[in-house]
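Undergrad: Here it is, the structure in full.
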Amino acid sequence: MDSVTPYRITPERLLDLFEKNRSELFANDPPDVHARREKALESFQKKGFPDKKLEDWRNTDLSESLNREYDYPLHRTEEDDQHKVFRCNIPHLDTAVIGQLNGWFVSKDVPLIELGNGIIIGSLAEAMNKYPGLVEKHLGNYASVEQSSFTALNTAFATDGTFIYIPDGVKSDKPVQLVNVIQHRENIFIQSRNLIVLGKNAQLTVVHCDDSYDHQPSFSNVVTEIVLDEGAFLDHYKLQNLNNDSTLISSTWFHLGKNASLESHFITLNGGMLRNNTFVKFNGSFGNANVYGLYLMDRQQHIDNNIFVDHASPDCMSNELFKGVLDEHASGVFNGHVLVERDAQRTNAYQNNRNILLTDSAKINSKPFLEIYNDDVKCSHGSSTGQLDPQAMFYLQQRGIGEENARMLLMYAFADEIVNKIAIEPLQHRIEDMVKKRLQGELQICEQCVLHCSTPEHPAEFKIDVSKI
């Protein structure tokens, strides 16, 4: 399949593209995956793209992003500098790095790595070909095409992405770092799919980076399904640092079995139009999920965090804390929805969204929401939005700290509550650096590292000691 002539993305053109390339889209599909793809296409055909008439999209307008012309590559793009793209210079961060370029898994040697302890890491397309039973059991079983039109579109079109399988009782020796890079000569529309499966009592740490290597406009629709079997534990990091002409719809579906535990962190530092759809479902008792988010936005940037937590089983606990700093004309949305079903006795669920607006033109729409059908629960939610505390500013200035440094210190202290929850020490230190640079307006594209980390030549630091906070 070759890429088509750049055009404006519409449901009609996407449906036509699907029909013309049907045989190749289905080439590696097991029978059940084939059927799910057909069902997803029907769902997208009925729904189309969401608009502001829908409650969930009332404060996020995609019309400008969809009205651009995009190249839609239907095959793997070969770039000369792939190895340079996936370099990551974080001192002492020891990870197994795997990469995606423009939605396709990139392999230096083999498309699928099979370790002696049963761990499988590599291309989703290759995994469907080599392990159809394993992929078929999970792919598309958790991401609802009825609930999300973008998930439906992805399910219909996506042909590759990343597959990670951790078998029962196995703990991954090191974190897996998935680096998803966008680099293309033309505006590009991308669909990629990821599947991560943890067996019973398995353990894994995943660092998932979304990055752009140039300033070309892009539209990415990414769906990730993550399955935690009984007693499994996942430490999950989603880092987003894209250019100001990028649009990203990132949908992550977590499915937790009995006694499963999830720690998830969404850190957004840059991007034009970003929407994070996060779905957490407790499919067994005594599950635990902590979902944290930090977003630092300025200029005309827009961030939309949409979180749905389904307490479908008793004795489970969920905790959400999302914090944002918005400057200039930036805008944000937080939609948090916790559902406690009838049989979910002894549920503990908490959600909180806190925001600082640095200008009168910055804005946030925050809507935490509880839907409870059981009396034996402990649930609460909250939301707060304001400017920097003038009393705290006065306190710092009285101690000889200038106004600008006082502002940065207060913002850093606000953000640091989320950064301190990062369990990987080298990553925590580097995110601290990035947050400092972001708050000072100095976060620029780095030629060496997709994370845009500070370098020895250009360290990220405040002019005064942060211990004075």
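The chains in the structure tokens are called A, B, ... from first to last as shown; in each chain the residues are counted from 1, and the ligands are counted from 1 in the order shown.
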Among stretch 85-323 of chain A, which ones does DSSP place in alpha helix (DSSP H), written as a list in words?

TA: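 Matching residues for alpha helix (DSSP H) in stretch 85-323 of chain A are Val85, Leu124, Ala125, Glu126, Ala127, Met128, Asn129, Lys130, Pro132, Gly133, Leu134, Val135, Glu136, Lys137, His138, Ser149, Phe150, Thr151, Ala152, Leu153, Asn154, Thr155, Ala156 and Phe157 of chain A.
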
Undergrad: Residues within 9 Å of A:His429, please, as a ChimeraX atom specification. Count only C-alpha atoms; anything in the same chain fewer than 5 positions from it doesn't count.

TA: /A:419,424,434

Undergrad: Out of A:Gln440, A:Asn288, A:Ser251, A:Asn243, which residue has the shortest atom-to-atom distance to A:Met273 when counting only C-alpha atoms?

TA: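 Using only C-alpha atoms, the shortest distance to A:Met273 belongs to A:Asn243.
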
Undergrad: Can you check which residues of stretch 220-361 of chain A DSSP gives as strand (DSSP E) on the backbone and send them as a VMD selection string?

TA: chain A and resid 220 to 228 233 to 241 246 to 256 261 to 270 273 to 282 288 to 297 302 to 311 317 to 326 331 to 340 347 to 357

Undergrad: Which residue gives the smallest distance to A:Phe189 among A:Thr10, A:Ser318, A:Gln240, A:Asn259, with only C-alpha atoms counted?

TA: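 Nearest candidate to A:Phe189 out of A:Thr10, A:Ser318, A:Gln240, A:Asn259: A:Thr10.
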
Undergrad: Would you compute the distance between atom CA of A:Asn283 and atom CA of A:Gly257? Give it in Å to one decimal.

TA: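 One can read the atom CA of A:Asn283 to atom CA of A:Gly257 distance as 5.0 Å.
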
Undergrad: Leaving out A:Asp173 and any residue of its chain fewer than 4 positions from it, which residues lie within 12 Å of it when counting only C-alpha atoms, given as a PyMOL selection string?

TA: chain A and resi 94-96+115+117+119+166+202-206

Undergrad: Tell me, as a PDB file with C-alpha atoms, in the first residue's frame, which residues lie within 12 Å of A:Leu134, counting only C-alpha atoms; anything in the same chain fewer than 2 positions away does not count.

TA:
ATOM      1  CA  PRO A  30      -6.585 -13.680  12.919  1.00  0.00           C
ATOM      2  CA  ASP A  32     -11.586 -12.576  15.458  1.00  0.00           C
ATOM      3  CA  VAL A  33      -9.433  -9.507  14.802  1.00  0.00           C
ATOM      4  CA  ILE A 120       7.924 -11.062  24.164  1.00  0.00           C
ATOM      5  CA  LEU A 124       2.248  -5.973  16.974  1.00  0.00           C
ATOM      6  CA  ALA A 127       3.030 -10.838  16.964  1.00  0.00           C
ATOM      7  CA  MET A 128      -0.317 -11.291  15.195  1.00  0.00           C
ATOM      8  CA  ASN A 129       1.470 -13.383  12.611  1.00  0.00           C
ATOM      9  CA  LYS A 130       3.519 -15.498  15.047  1.00  0.00           C
ATOM     10  CA  TYR A 131       1.235 -15.640  18.109  1.00  0.00           C
ATOM     11  CA  PRO A 132      -2.279 -15.203  16.708  1.00  0.00           C
ATOM     12  CA  GLU A 136      -6.540 -12.508  19.376  1.00  0.00           C
ATOM     13  CA  LYS A 137      -7.440 -13.196  23.019  1.00  0.00           C
ATOM     14  CA  HIS A 138      -6.859  -9.566  23.984  1.00  0.00           C
ATOM     15  CA  LEU A 139      -6.680  -7.197  21.019  1.00  0.00           C
ATOM     16  CA  PHE A 163       3.334  -5.665  21.590  1.00  0.00           C
ATOM     17  CA  ILE A 164       4.635  -6.500  25.085  1.00  0.00           C
ATOM     18  CA  TYR A 165       3.877  -9.761  26.869  1.00  0.00           C
ATOM     19  CA  ILE A 166       5.054 -10.604  30.400  1.00  0.00           C
ATOM     20  CA  PRO A 167       4.152 -14.200  31.360  1.00  0.00           C
ATOM     21  CA  LEU A 195      -1.053  -4.099  23.295  1.00  0.00           C
ATOM     22  CA  ILE A 196       0.575  -4.810  26.671  1.00  0.00           C
ATOM     23  CA  VAL A 197      -0.335  -8.008  28.525  1.00  0.00           C
ATOM     24  CA  LEU A 198       0.814  -8.860  32.053  1.00  0.00           C
ATOM     25  CA  GLY A 199       0.148 -12.399  33.277  1.00  0.00           C
TER      26      GLY A 199
END

Undergrad: Skip A:Glu371 itself and residues of its chain fewer than 2 positions away, then list as a list of chain:residue names all residues within 10 Å of it, counting only C-alpha atoms.

TA: A:Asp310, A:His337, A:Val338, A:Leu339, A:Val340, A:Glu341, A:Phe369, A:Tyr373, A:Asn374, A:Cys379

Undergrad: Report the distance between atom CA of A:Gln387 and atom CA of A:Asn59 in Å, rounded to one decimal place.

TA: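 Separation of atom CA of A:Gln387 and atom CA of A:Asn59: 21.1 Å.
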
Undergrad: Counting only C-alpha atoms, what is within 12 Å of A:Lys238, bar same-chain residues fewer than 4 positions away, as a PyMOL selection string?

TA: chain A and resi 177-180+205-211+224+250-252+263-269+276+278+291-295+422+427+431+451

Undergrad: Out of A:Asn270, A:Ser383, A:Asn221, A:Ser107, which residue has the shortest atom-to-atom distance to A:Phe157 when counting only C-alpha atoms?

TA: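 Result for the nearest residue to A:Phe157: A:Asn221.
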
Undergrad: Atom CA of A:Ala344 and atom CA of A:Gly169 are how many Å apart?

TA: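 We find that atom CA of A:Ala344 and atom CA of A:Gly169 lie 27.6 Å from each other.
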
Undergrad: Return the single residue from A:Asn21, A:Thr162, A:Ser384, A:Asn290 that is closest to A:Ala260, with distances computed using only C-alpha atoms.

TA: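 Nearest to A:Ala260: A:Asn290.
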